[in-house]
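As provided, structure.txt (compact mmCIF, C-alpha atoms) reads as follows.
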# COMPACT_ATOMS: atom_id res chain seq x y z
CA MET Y 438 -31.17 2.85 5.72
CA ALA Y 439 -31.79 4.60 9.08
CA SER Y 440 -33.76 1.68 10.49
CA ALA Y 441 -31.35 -0.99 9.26
CA ALA Y 442 -29.34 -0.84 12.48
CA ARG Y 443 -32.35 -2.34 14.29
CA GLY Y 444 -33.28 -4.87 11.59
CA GLU Y 445 -31.54 -7.54 9.56
CA PRO Y 446 -28.06 -6.59 8.34
CA ALA Y 447 -27.54 -5.67 4.71
CA VAL Y 448 -25.73 -8.50 2.92
CA LEU Y 449 -23.87 -8.11 -0.38
CA PRO Y 450 -25.23 -10.30 -3.20
CA THR Y 451 -22.91 -13.16 -4.09
CA PRO Y 452 -21.43 -11.66 -7.32
CA LEU Y 453 -20.53 -8.41 -5.54
CA ALA Y 454 -19.22 -10.24 -2.48
CA LYS Y 455 -16.94 -12.35 -4.69
CA ALA Y 456 -15.53 -9.27 -6.43
CA VAL Y 457 -14.63 -7.67 -3.10
CA ILE Y 458 -12.23 -10.52 -2.24
CA ASP Y 459 -11.17 -11.70 -5.71
CA PRO Y 460 -7.63 -10.55 -6.56
CA HIS Y 461 -8.40 -10.87 -10.27
CA ALA Y 462 -11.19 -8.31 -9.90
CA TYR Y 463 -8.63 -5.78 -8.64
CA ALA Y 464 -6.60 -6.28 -11.81
CA GLU Y 465 -9.59 -5.17 -13.91
CA TRP Y 466 -9.69 -1.56 -12.69
CA ASP Y 467 -12.69 -0.10 -14.49
CA GLY Y 468 -14.81 -3.13 -13.68
CA LEU Y 469 -13.75 -2.93 -10.04
CA LEU Y 470 -14.71 0.74 -9.84
CA ASP Y 471 -18.07 -0.09 -11.43
CA THR Y 472 -18.60 -2.69 -8.69
CA PHE Y 473 -17.67 -0.26 -5.94
CA ASP Y 474 -19.93 2.43 -7.41
CA LEU Y 475 -22.85 0.00 -7.31
CA ILE Y 476 -22.13 -1.10 -3.74
CA ARG Y 477 -21.64 2.47 -2.53
CA ALA Y 478 -24.91 3.60 -4.09
CA THR Y 479 -27.03 0.70 -2.81
CA THR Y 480 -25.49 -0.86 0.31
CA PRO Y 481 -22.50 1.27 1.39
CA VAL Y 482 -22.15 -0.73 4.61
CA ALA Y 483 -22.90 -4.39 3.96
CA LYS Y 484 -21.83 -7.83 5.13
CA VAL Y 485 -19.74 -10.14 3.00
CA VAL Y 486 -20.69 -13.71 3.84
CA PRO Y 487 -18.77 -16.74 2.49
CA GLN Y 488 -20.73 -19.12 0.29
CA GLU Y 489 -18.58 -21.98 1.52
CA GLU Y 490 -18.77 -22.51 5.28
CA GLY Y 491 -15.50 -21.88 7.10
CA LEU Y 492 -13.79 -20.23 4.11
CA PHE Y 493 -13.40 -16.90 5.87
CA GLU Y 494 -15.02 -14.99 8.69
CA PRO Y 495 -17.91 -12.76 7.57
CA PHE Y 496 -17.01 -9.09 7.52
CA TRP Y 497 -18.53 -5.69 6.83
CA PHE Y 498 -17.51 -3.96 3.60
CA ILE Y 499 -17.20 -0.18 4.07
CA SER Y 500 -17.18 1.78 0.79
CA ARG Y 501 -18.14 5.41 1.51
CA TYR Y 502 -15.48 8.06 2.06
CA ASP Y 503 -17.07 9.51 5.21
CA ASP Y 504 -17.42 6.09 6.85
CA VAL Y 505 -13.85 5.05 5.99
CA MET Y 506 -12.53 8.37 7.32
CA ARG Y 507 -14.50 7.99 10.55
CA ILE Y 508 -13.29 4.44 11.16
CA SER Y 509 -9.69 5.36 10.30
CA LYS Y 510 -9.64 8.17 12.86
CA ASP Y 511 -11.41 6.34 15.70
CA ASN Y 512 -8.79 3.87 16.85
CA ALA Y 513 -10.52 3.30 20.18
CA THR Y 514 -13.73 1.93 18.65
CA PHE Y 515 -12.20 0.30 15.57
CA LEU Y 516 -9.19 -1.84 16.46
CA ASN Y 517 -6.32 -3.22 14.39
CA ASN Y 518 -6.21 -6.21 16.73
CA PRO Y 519 -7.13 -8.91 17.63
CA LYS Y 520 -8.17 -10.10 14.16
CA PRO Y 521 -5.97 -9.85 11.05
CA VAL Y 522 -5.49 -6.35 9.70
CA VAL Y 523 -5.47 -7.64 6.11
CA PHE Y 524 -8.24 -9.82 4.67
CA SER Y 525 -7.28 -13.46 5.20
CA PHE Y 526 -8.91 -16.79 4.57
CA ASN Y 527 -9.31 -19.00 7.63
CA GLN Y 528 -6.78 -21.48 6.25
CA ALA Y 529 -4.10 -18.78 6.18
CA ILE Y 530 -4.97 -17.63 9.70
CA GLU Y 531 -4.73 -21.17 11.01
CA PHE Y 532 -1.37 -21.64 9.31
CA SER Y 533 -0.08 -18.41 10.82
CA ARG Y 534 -1.37 -19.33 14.27
CA ALA Y 535 0.38 -22.70 14.12
CA ALA Y 536 3.64 -21.20 12.80
CA THR Y 537 3.89 -18.07 14.96
CA GLY Y 538 1.26 -18.24 17.70
CA SER Y 539 -0.38 -15.16 16.14
CA ASP Y 540 -3.20 -14.72 13.63
CA MET Y 541 -0.76 -12.61 11.59
CA LEU Y 542 2.49 -13.80 10.04
CA VAL Y 543 4.08 -10.39 10.70
CA ASP Y 544 3.61 -8.26 13.82
CA SER Y 545 4.36 -4.75 12.60
CA LEU Y 546 3.29 -1.17 13.24
CA VAL Y 547 0.10 -1.66 11.27
CA VAL Y 548 -1.25 -4.40 13.56
CA PHE Y 549 -0.72 -2.74 16.95
CA ASP Y 550 -3.18 -0.62 18.91
CA ALA Y 551 -2.54 1.84 21.74
CA PRO Y 552 -0.65 1.90 24.03
CA ILE Y 553 1.94 -0.13 22.08
CA HIS Y 554 1.44 1.51 18.69
CA PRO Y 555 2.29 5.14 19.61
CA LYS Y 556 5.39 4.01 21.50
CA TYR Y 557 6.65 2.01 18.54
CA ARG Y 558 5.75 4.65 15.98
CA LYS Y 559 7.62 7.32 17.96
CA LEU Y 560 10.89 5.39 17.57
CA THR Y 561 11.30 6.34 13.90
CA GLN Y 562 8.72 9.07 13.35
CA ASP Y 563 11.21 11.94 13.54
CA TRP Y 564 13.39 10.22 10.96
CA PHE Y 565 10.59 10.42 8.37
CA MET Y 566 9.57 14.03 9.01
CA PRO Y 567 10.30 16.72 6.37
CA ARG Y 568 12.97 18.45 8.46
CA ASN Y 569 15.06 15.30 8.69
CA LEU Y 570 14.40 14.25 5.09
CA LYS Y 571 16.04 17.47 3.92
CA ARG Y 572 19.35 15.89 4.97
CA ILE Y 573 19.00 13.24 2.28
CA GLU Y 574 17.12 15.25 -0.37
CA ALA Y 575 20.24 15.88 -2.45
CA GLU Y 576 21.07 12.18 -2.39
CA ILE Y 577 17.55 11.24 -3.54
CA ARG Y 578 17.64 13.93 -6.24
CA ALA Y 579 20.91 12.50 -7.58
CA LEU Y 580 19.41 9.00 -7.59
CA ALA Y 581 16.37 10.30 -9.47
CA ALA Y 582 18.63 11.87 -12.10
CA ARG Y 583 20.61 8.63 -12.52
CA THR Y 584 17.37 6.66 -12.81
CA VAL Y 585 16.11 8.95 -15.59
CA ASP Y 586 19.46 8.76 -17.37
CA ALA Y 587 19.27 4.97 -17.33
CA MET Y 588 15.67 5.12 -18.55
CA ILE Y 589 16.61 7.27 -21.53
CA ASP Y 590 19.53 4.97 -22.34
CA ALA Y 591 17.11 2.02 -22.34
CA GLY Y 592 14.54 3.81 -24.54
CA PRO Y 593 12.83 4.95 -26.56
CA GLU Y 594 10.48 2.03 -25.73
CA LEU Y 595 10.59 0.44 -22.29
CA ASP Y 596 8.59 -0.89 -19.39
CA PHE Y 597 8.41 2.01 -16.93
CA VAL Y 598 7.70 -0.27 -13.97
CA GLU Y 599 10.73 -2.45 -14.67
CA LYS Y 600 13.15 0.39 -15.42
CA VAL Y 601 11.95 3.23 -13.20
CA SER Y 602 9.04 2.97 -10.79
CA GLY Y 603 10.18 -0.38 -9.42
CA PRO Y 604 13.92 0.12 -8.79
CA TYR Y 605 13.91 3.83 -7.85
CA PRO Y 606 11.86 3.78 -4.62
CA LEU Y 607 13.43 0.45 -3.69
CA ARG Y 608 16.89 2.02 -3.79
CA VAL Y 609 15.72 5.02 -1.73
CA VAL Y 610 14.27 2.87 1.04
CA MET Y 611 17.21 0.49 1.08
CA GLN Y 612 19.60 3.43 1.46
CA ILE Y 613 17.55 4.70 4.38
CA LEU Y 614 17.52 1.27 5.99
CA GLY Y 615 21.17 0.65 5.34
CA VAL Y 616 20.71 -2.39 3.10
CA PRO Y 617 23.63 -2.74 0.64
CA THR Y 618 22.96 -2.40 -3.09
CA GLU Y 619 23.82 -6.03 -3.81
CA ASP Y 620 20.95 -7.19 -1.56
CA GLU Y 621 18.27 -5.13 -3.31
CA PRO Y 622 17.19 -7.86 -5.79
CA ARG Y 623 16.57 -10.15 -2.83
CA MET Y 624 14.50 -7.48 -1.07
CA GLN Y 625 12.49 -6.91 -4.25
CA MET Y 626 11.81 -10.61 -4.73
CA LEU Y 627 10.70 -11.12 -1.13
CA THR Y 628 8.47 -8.05 -1.26
CA GLN Y 629 6.77 -9.34 -4.38
CA GLN Y 630 6.22 -12.72 -2.77
CA LEU Y 631 4.79 -11.05 0.33
CA PHE Y 632 2.56 -8.41 -1.31
CA GLY Y 633 2.28 -9.80 -4.85
CA GLY Y 634 1.79 -13.38 -3.77
CA GLN Y 635 -1.59 -13.49 -5.48
CA ASP Y 636 -0.02 -12.55 -8.82
CA LYS Y 637 1.88 -15.27 -10.68
CA ASP Y 638 3.99 -12.72 -12.60
CA LEU Y 639 5.10 -10.79 -9.52
CA SER Y 640 5.72 -13.76 -7.26
CA GLY Y 641 7.65 -15.48 -10.05
CA THR Y 642 6.54 -18.88 -8.84
CA GLY Y 643 3.87 -20.10 -11.23
CA MET Y 644 1.27 -19.59 -8.53
CA ASP Y 645 -1.58 -20.44 -10.86
CA GLN Y 646 -0.39 -24.02 -10.50
CA MET Y 647 -0.17 -23.89 -6.70
CA SER Y 648 -2.63 -25.14 -4.13
CA PRO Y 649 -3.82 -22.70 -1.42
CA GLU Y 650 -1.54 -24.47 1.05
CA GLN Y 651 1.47 -23.89 -1.20
CA VAL Y 652 0.61 -20.22 -1.60
CA ILE Y 653 0.45 -19.77 2.17
CA GLN Y 654 3.78 -21.53 2.56
CA LEU Y 655 5.34 -19.29 -0.10
CA VAL Y 656 4.32 -16.15 1.79
CA ALA Y 657 5.46 -17.65 5.09
CA GLY Y 658 8.80 -18.49 3.51
CA ALA Y 659 9.23 -14.89 2.38
CA VAL Y 660 8.50 -13.68 5.92
CA LYS Y 661 11.06 -16.13 7.36
CA SER Y 662 13.70 -14.97 4.88
CA PHE Y 663 13.01 -11.34 5.81
CA GLU Y 664 13.26 -12.17 9.51
CA ASP Y 665 16.58 -13.98 9.11
CA TYR Y 666 18.04 -11.16 7.02
CA PHE Y 667 17.03 -8.38 9.37
CA ALA Y 668 18.07 -10.30 12.48
CA ALA Y 669 21.60 -10.36 11.07
CA LEU Y 670 21.38 -6.68 10.09
CA ALA Y 671 20.18 -5.72 13.57
CA GLU Y 672 23.02 -7.65 15.20
CA ASP Y 673 25.51 -5.76 13.04
CA ARG Y 674 23.93 -2.37 13.83
CA ARG Y 675 24.04 -3.05 17.56
CA ALA Y 676 27.75 -3.74 17.26
CA ASN Y 677 28.39 -0.99 14.68
CA PRO Y 678 25.62 1.64 14.84
CA THR Y 679 25.34 4.20 12.04
CA ASP Y 680 22.83 6.97 11.28
CA ASP Y 681 20.42 4.78 9.29
CA VAL Y 682 16.96 3.58 10.26
CA ALA Y 683 18.26 0.03 10.76
CA SER Y 684 20.40 1.32 13.64
CA VAL Y 685 17.48 3.19 15.18
CA ILE Y 686 15.36 0.03 15.24
CA ALA Y 687 18.17 -2.27 16.35
CA ASN Y 688 19.05 -0.10 19.35
CA ALA Y 689 15.56 1.10 20.27
CA THR Y 690 14.05 0.60 23.70
CA VAL Y 691 10.42 0.85 24.80
CA ASP Y 692 9.68 1.22 28.51
CA GLY Y 693 13.35 0.53 29.12
CA GLU Y 694 13.41 -2.76 27.22
CA PRO Y 695 14.67 -3.61 23.71
CA LEU Y 696 12.07 -4.61 21.15
CA PRO Y 697 11.13 -8.31 21.22
CA PRO Y 698 12.71 -10.14 18.24
CA ARG Y 699 9.37 -10.70 16.47
CA ASP Y 700 8.34 -7.05 16.86
CA MET Y 701 11.76 -5.87 15.67
CA ALA Y 702 11.55 -8.12 12.61
CA GLY Y 703 8.07 -6.78 11.87
CA TYR Y 704 9.30 -3.20 12.12
CA TYR Y 705 12.06 -3.87 9.60
CA ILE Y 706 9.71 -5.71 7.25
CA ILE Y 707 7.06 -2.95 7.16
CA VAL Y 708 9.67 -0.25 6.45
CA ALA Y 709 11.45 -2.37 3.83
CA THR Y 710 8.33 -3.46 1.94
CA ALA Y 711 5.60 -0.85 2.32
CA GLY Y 712 8.22 1.86 1.94
CA HIS Y 713 8.82 1.13 -1.74
CA ASP Y 714 6.05 -1.02 -3.22
CA THR Y 715 3.36 1.60 -2.63
CA THR Y 716 5.47 4.48 -3.97
CA SER Y 717 6.26 2.37 -7.02
CA ALA Y 718 2.55 1.94 -7.70
CA SER Y 719 1.76 5.66 -7.32
CA THR Y 720 4.69 6.65 -9.53
CA ALA Y 721 3.63 4.28 -12.28
CA GLY Y 722 0.04 5.50 -11.97
CA ALA Y 723 1.11 9.11 -12.43
CA MET Y 724 3.13 8.21 -15.51
CA GLN Y 725 0.22 6.24 -16.98
CA ALA Y 726 -2.13 9.18 -16.51
CA LEU Y 727 0.30 11.64 -18.08
CA ALA Y 728 1.06 9.31 -20.99
CA GLN Y 729 -2.67 9.13 -21.72
CA ASP Y 730 -3.11 12.93 -21.58
CA ARG Y 731 -0.68 14.87 -23.76
CA GLU Y 732 -2.25 18.17 -22.78
CA GLN Y 733 -1.67 17.55 -19.08
CA TRP Y 734 1.92 16.42 -19.76
CA ALA Y 735 2.62 19.63 -21.69
CA ARG Y 736 0.96 21.72 -19.00
CA VAL Y 737 3.02 20.32 -16.14
CA ARG Y 738 6.22 20.59 -18.21
CA ALA Y 739 5.51 24.29 -18.65
CA ASP Y 740 4.33 24.90 -15.08
CA ARG Y 741 6.15 22.96 -12.37
CA SER Y 742 3.86 24.40 -9.70
CA LEU Y 743 1.43 21.69 -10.84
CA LEU Y 744 3.84 18.95 -9.78
CA PRO Y 745 2.64 18.59 -6.16
CA GLY Y 746 -0.87 18.19 -7.55
CA ILE Y 747 0.33 15.48 -9.94
CA VAL Y 748 1.88 13.61 -7.02
CA GLU Y 749 -1.16 13.92 -4.75
CA GLU Y 750 -3.63 12.99 -7.46
CA ALA Y 751 -1.56 9.96 -8.45
CA ILE Y 752 -1.64 8.70 -4.88
CA ARG Y 753 -5.44 9.09 -4.72
CA TRP Y 754 -6.05 7.75 -8.23
CA THR Y 755 -4.01 4.59 -7.68
CA SER Y 756 -4.69 3.98 -3.93
CA PRO Y 757 -1.87 1.40 -3.71
CA VAL Y 758 -2.91 0.12 -0.27
CA GLN Y 759 -6.35 -1.07 -1.29
CA HIS Y 760 -7.79 -1.99 2.10
CA PHE Y 761 -7.19 -2.63 5.76
CA MET Y 762 -9.35 -4.56 8.20
CA ARG Y 763 -10.61 -3.35 11.58
CA THR Y 764 -12.41 -5.04 14.49
CA ALA Y 765 -15.19 -3.35 16.46
CA ALA Y 766 -14.34 -2.83 20.14
CA GLU Y 767 -18.01 -2.27 20.99
CA ASP Y 768 -21.44 -2.21 19.38
CA VAL Y 769 -21.50 0.73 16.98
CA GLU Y 770 -23.68 2.09 14.19
CA VAL Y 771 -22.06 2.82 10.82
CA GLY Y 772 -24.07 3.90 7.81
CA GLY Y 773 -27.35 2.74 9.34
CA GLN Y 774 -25.99 -0.73 10.13
CA LEU Y 775 -25.44 -2.13 13.61
CA ILE Y 776 -21.91 -3.51 13.82
CA ARG Y 777 -21.53 -5.75 16.84
CA LYS Y 778 -18.57 -5.91 19.21
CA GLY Y 779 -16.00 -8.28 17.69
CA ASP Y 780 -17.27 -7.86 14.12
CA TRP Y 781 -14.62 -7.66 11.41
CA MET Y 782 -14.77 -4.96 8.74
CA MET Y 783 -12.92 -3.97 5.58
CA ILE Y 784 -12.28 -0.28 5.01
CA ASN Y 785 -11.70 -0.08 1.28
CA TYR Y 786 -9.52 2.85 0.23
CA VAL Y 787 -10.09 2.35 -3.49
CA ALA Y 788 -13.84 2.70 -3.01
CA ALA Y 789 -13.47 5.65 -0.62
CA ASN Y 790 -11.04 7.50 -2.90
CA HIS Y 791 -13.49 7.16 -5.80
CA ASP Y 792 -16.54 8.36 -3.87
CA PRO Y 793 -18.21 11.03 -6.05
CA THR Y 794 -19.62 12.80 -2.99
CA GLN Y 795 -16.03 13.67 -2.04
CA PHE Y 796 -14.27 13.77 -5.42
CA ASP Y 797 -15.87 15.30 -8.50
CA ASP Y 798 -15.56 12.91 -11.47
CA PRO Y 799 -13.30 10.61 -9.41
CA ARG Y 800 -12.05 8.46 -12.29
CA ARG Y 801 -10.56 11.49 -14.01
CA PHE Y 802 -6.91 12.19 -13.23
CA ASP Y 803 -6.81 15.90 -12.39
CA ALA Y 804 -3.52 17.48 -11.36
CA ALA Y 805 -5.38 20.62 -10.29
CA ARG Y 806 -7.86 18.77 -8.04
CA SER Y 807 -8.46 20.80 -4.90
CA PRO Y 808 -9.18 19.96 -2.22
CA ASN Y 809 -7.78 16.45 -2.43
CA ARG Y 810 -8.22 14.97 1.06
CA HIS Y 811 -7.76 11.40 -0.10
CA LEU Y 812 -7.38 8.38 2.16
CA ALA Y 813 -4.56 6.62 0.35
CA PHE Y 814 -2.25 7.24 3.32
CA GLY Y 815 -4.96 6.36 5.83
CA ALA Y 816 -5.87 8.82 8.57
CA GLY Y 817 -5.50 9.27 12.30
CA ALA Y 818 -2.95 7.48 14.45
CA HIS Y 819 -2.19 4.90 11.75
CA GLN Y 820 -1.61 7.36 8.92
CA CYS Y 821 1.31 6.20 6.79
CA LEU Y 822 4.64 6.81 8.51
CA GLY Y 823 6.41 7.39 5.18
CA LEU Y 824 3.97 9.78 3.50
CA HIS Y 825 6.43 12.71 3.43
CA LEU Y 826 9.13 10.48 1.96
CA ALA Y 827 6.79 9.16 -0.73
CA ARG Y 828 5.81 12.68 -1.81
CA LEU Y 829 9.45 13.78 -1.86
CA GLU Y 830 10.58 10.78 -3.92
CA MET Y 831 7.86 11.26 -6.50
CA ARG Y 832 8.39 15.01 -6.81
CA LEU Y 833 12.14 14.67 -7.33
CA LEU Y 834 11.72 11.89 -9.89
CA PHE Y 835 9.18 13.82 -11.93
CA GLU Y 836 11.31 16.95 -11.83
CA ALA Y 837 14.06 14.92 -13.48
CA LEU Y 838 11.64 13.32 -15.93
CA LEU Y 839 10.12 16.61 -17.02
CA ASP Y 840 13.60 18.06 -17.58
CA ARG Y 841 14.71 15.17 -19.78
CA VAL Y 842 11.58 13.91 -21.58
CA GLU Y 843 9.76 15.93 -24.23
CA LYS Y 844 7.06 13.44 -25.15
CA VAL Y 845 5.60 10.30 -23.60
CA GLU Y 846 2.87 7.95 -24.78
CA LEU Y 847 1.70 4.41 -24.20
CA ALA Y 848 3.48 1.72 -26.23
CA GLY Y 849 1.17 -1.10 -25.18
CA GLU Y 850 -1.48 -2.07 -22.67
CA PRO Y 851 -0.73 -1.33 -19.00
CA LYS Y 852 -1.24 -4.36 -16.73
CA ARG Y 853 -2.33 -4.27 -13.10
CA ALA Y 854 -1.30 -6.63 -10.34
CA THR Y 855 -3.63 -9.39 -9.22
CA SER Y 856 -3.88 -8.48 -5.54
CA THR Y 857 -6.52 -7.49 -3.00
CA PHE Y 858 -4.07 -5.76 -0.65
CA VAL Y 859 -1.25 -3.76 -2.24
CA GLY Y 860 -2.01 -3.10 -5.89
CA GLY Y 861 -0.94 -1.07 -8.88
CA LEU Y 862 0.62 -1.46 -12.30
CA LYS Y 863 2.97 -4.38 -12.84
CA ALA Y 864 3.76 -3.32 -16.43
CA LEU Y 865 3.61 0.06 -18.16
CA PRO Y 866 4.99 -0.01 -21.75
CA LEU Y 867 5.97 3.51 -22.83
CA TYR Y 868 7.43 5.34 -25.78
CA LEU Y 869 9.62 8.27 -24.71
CA LYS Y 870 11.15 11.07 -26.71
CA ALA Y 871 14.09 12.64 -24.89
CA VAL Y 872 14.73 16.39 -24.96
Once you've parsed the file, please lay out its structure as structure tokens.
Amino acid sequence: MASAARGEPAVLPTPLAKAVIDPHAYAEWDGLLDTFDLIRATTPVAKVVPQEEGLFEPFWFISRYDDVMRISKDNATFLNNPKPVVFSFNQAIEFSRAATGSDMLVDSLVVFDAPIHPKYRKLTQDWFMPRNLKRIEAEIRALAARTVDAMIDAGPELDFVEKVSGPYPLRVVMQILGVPTEDEPRMQMLTQQLFGGQDKDLSGTGMDQMSPEQVIQLVAGAVKSFEDYFAALAEDRRANPTDDVASVIANATVDGEPLPPRDMAGYYIIVATAGHDTTSASTAGAMQALAQDREQWARVRADRSLLPGIVEEAIRWTSPVQHFMRTAAEDVEVGGQLIRKGDWMMINYVAANHDPTQFDDPRRFDAARSPNRHLAFGAGAHQCLGLHLARLEMRLLFEALLDRVEKVELAGEPKRATSTFVGGLKALPLYLKAV
């Protein structure tokens, strides 16, 4: 591949290219990993070209761990702007441009580059650091205990996603934001329409019957509802500030000026949505792995020092944020391919986190895996703001689970979400035997 940078670009064959952007392919996990293994072994940096002209802009698919890590850390060469930071069809980009004047429906932390990004990130970064999170650890621990109590009351058979991994991280993030309990169902619904919009079960809208235009409008409607809700919340926190994150954002200034309304709305939306949906997916993934491996469940029950490894491995194994897009700021060589200035590329975290050159037997869930330098939180300047919170939430929940549950096993077939962006289990039927 060394000479490829000077020759014709590698192009993914049509079946592989379709799988990379097909949300249904991401719901079939083993088949998806087979696809990524094939791509990684043959054309680890390759162009995805639409078969239908104008469907989407061609992009480079990046599947190797080392390449994804390099791109993630080099935010000067590989930009979040000006093109969308999540894979989008041209029709959706045009809709967004007409509705908002931007190629992206939401302008949040994940879409900004320096010098704006570090200034915005700094506003809340201290809030999500371990030292500050200790202030609310007891509150999260109590919530974890109540969640497990409710789970046991609902058992012995239940859907773990519905009863535990969905509502628990949602409640944590809403408490941090200052959103009242009665508004949580609304936040959950809007999140599922925003991130689970490709899945008819999660969006709750019969999307299999919708045209592409209707799907785009559904997502845009969710964004508008979020914006209206958080505009009212921000107005309240400016008049009545508290110690929650909503107050920090509402009263923040950058270079002496308050955040523009669209940027403020985007900040609220990314904290409210990414802060729980991804943790939900990792939590459900951990429980699936443990339910399928009685020996590992017994081992971690007997030795709680394995718990941090369970958490970290679950995050790698599930890789809830499945990709982000980047745009080349200059001509650059990656994996023997010449990527031109302005080219769009997909860094795929699922593929990178299952790269056998970095992770031995990557499909195996191994609580003792070490080292485990996964990319599920990203890397560099855009590494996930809430990574310490996610680890804390999962650890406290599993401490409560291991105290109260003697035995766990699958009670049906787990089902994954149909989504190319944020993915994970949407149903996990379990049988539980309480202590």
Which distance in Å separates atom CA of Y:Pro866 and atom CA of Y:Gln725, to one decimal?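 Rounded to one decimal, the two atoms are 9.2 Å apart.
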At most 7 Å is the cut-off: for each residue in stretch 699-795 of chain Y with any atom that close to an atom of stretch 610-617 of chain Y, write down the nearest atom pair and the distance in Å rounded to one decimal, counting all atoms listed in the file, chain first then increasing number, as CSV.
residue,atom,partner,partner_atom,distance
Y:Ala709,CA,Y:Val610,CA,6.6
Y:Gly712,CA,Y:Val610,CA,6.2
Y:His713,CA,Y:Val610,CA,6.4
Selected residue of minimal separation from Y:Ala726 among Y:Arg801, Y:Lys559, Y:His760, Y:His791, counting only C-alpha atoms: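 Of the candidates, the smallest distance to Y:Ala726 is held by Y:Arg801.
Residues within 7 Å of stretch 580-586 of chain Y, counting only C-alpha atoms and excluding same-chain residues fewer than 6 positions away, are Val601, Tyr605, Leu833, Leu834, Ala837 and Leu838 of chain Y.
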Neighbours of Y:Thr720 within 8 Å (only C-alpha atoms; same-chain residues fewer than 5 positions away dropped), as a PyMOL selection string? chain Y and resi 602+748+751+831
Measure the distance from atom CA of Y:Gly468 to atom CA of Y:Asp797 in Å and round it to one decimal.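 Interatomic distance, atom CA of Y:Gly468 to atom CA of Y:Asp797: 19.2 Å.
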Which value, in Å to one decimal, gives the distance between atom CA of Y:Ser500 and atom CA of Y:Val708?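 Pair atom CA of Y:Ser500 / atom CA of Y:Val708 returns 27.5 Å.
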Of the candidates Y:Glu664, Y:Glu770, Y:Asp544, Y:Glu594, which one gets nearest to Y:Asn517 if we count only C-alpha atoms?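 The shortest atom-to-atom distance to Y:Asn517 comes from Y:Asp544.
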What lies within 7 Å of stretch 561-568 of chain Y using all atoms listed in the file, ignoring chain neighbours under 4 positions off, as an NGL selection string? :Y and (822-823 or 825-826)
Could you rebuild stretch 465-476 of chain Y with N, CA and C atoms and give it back as a PDB file, keeping the file's coordinate frame?
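Output file result.pdb follows:
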ATOM      1  N   GLU Y 465      -8.715  -5.739 -12.879  1.00  0.00           N
ATOM      2  CA  GLU Y 465      -9.590  -5.170 -13.910  1.00  0.00           C
ATOM      3  C   GLU Y 465     -10.177  -3.874 -13.348  1.00  0.00           C
ATOM      4  N   TRP Y 466      -9.438  -2.781 -13.457  1.00  0.00           N
ATOM      5  CA  TRP Y 466      -9.690  -1.560 -12.690  1.00  0.00           C
ATOM      6  C   TRP Y 466     -11.056  -0.947 -12.946  1.00  0.00           C
ATOM      7  N   ASP Y 467     -11.418  -0.741 -14.197  1.00  0.00           N
ATOM      8  CA  ASP Y 467     -12.690  -0.100 -14.490  1.00  0.00           C
ATOM      9  C   ASP Y 467     -13.862  -0.950 -13.994  1.00  0.00           C
ATOM     10  N   GLY Y 468     -13.765  -2.243 -14.176  1.00  0.00           N
ATOM     11  CA  GLY Y 468     -14.810  -3.130 -13.680  1.00  0.00           C
ATOM     12  C   GLY Y 468     -14.911  -3.099 -12.165  1.00  0.00           C
ATOM     13  N   LEU Y 469     -13.760  -3.016 -11.502  1.00  0.00           N
ATOM     14  CA  LEU Y 469     -13.750  -2.930 -10.040  1.00  0.00           C
ATOM     15  C   LEU Y 469     -14.429  -1.646  -9.569  1.00  0.00           C
ATOM     16  N   LEU Y 470     -14.101  -0.527 -10.224  1.00  0.00           N
ATOM     17  CA  LEU Y 470     -14.710   0.740  -9.840  1.00  0.00           C
ATOM     18  C   LEU Y 470     -16.213   0.737 -10.114  1.00  0.00           C
ATOM     19  N   ASP Y 471     -16.631   0.073 -11.180  1.00  0.00           N
ATOM     20  CA  ASP Y 471     -18.070  -0.090 -11.430  1.00  0.00           C
ATOM     21  C   ASP Y 471     -18.727  -0.834 -10.265  1.00  0.00           C
ATOM     22  N   THR Y 472     -18.081  -1.900  -9.813  1.00  0.00           N
ATOM     23  CA  THR Y 472     -18.600  -2.690  -8.690  1.00  0.00           C
ATOM     24  C   THR Y 472     -18.713  -1.840  -7.439  1.00  0.00           C
ATOM     25  N   PHE Y 473     -17.664  -1.083  -7.142  1.00  0.00           N
ATOM     26  CA  PHE Y 473     -17.670  -0.260  -5.940  1.00  0.00           C
ATOM     27  C   PHE Y 473     -18.710   0.859  -6.032  1.00  0.00           C
ATOM     28  N   ASP Y 474     -18.898   1.411  -7.228  1.00  0.00           N
ATOM     29  CA  ASP Y 474     -19.930   2.430  -7.410  1.00  0.00           C
ATOM     30  C   ASP Y 474     -21.312   1.855  -7.090  1.00  0.00           C
ATOM     31  N   LEU Y 475     -21.558   0.643  -7.550  1.00  0.00           N
ATOM     32  CA  LEU Y 475     -22.850   0.000  -7.310  1.00  0.00           C
ATOM     33  C   LEU Y 475     -23.055  -0.272  -5.824  1.00  0.00           C
ATOM     34  N   ILE Y 476     -22.019  -0.805  -5.172  1.00  0.00           N
ATOM     35  CA  ILE Y 476     -22.130  -1.100  -3.740  1.00  0.00           C
ATOM     36  C   ILE Y 476     -22.343   0.182  -2.948  1.00  0.00           C
TER      37      ILE Y 476
END
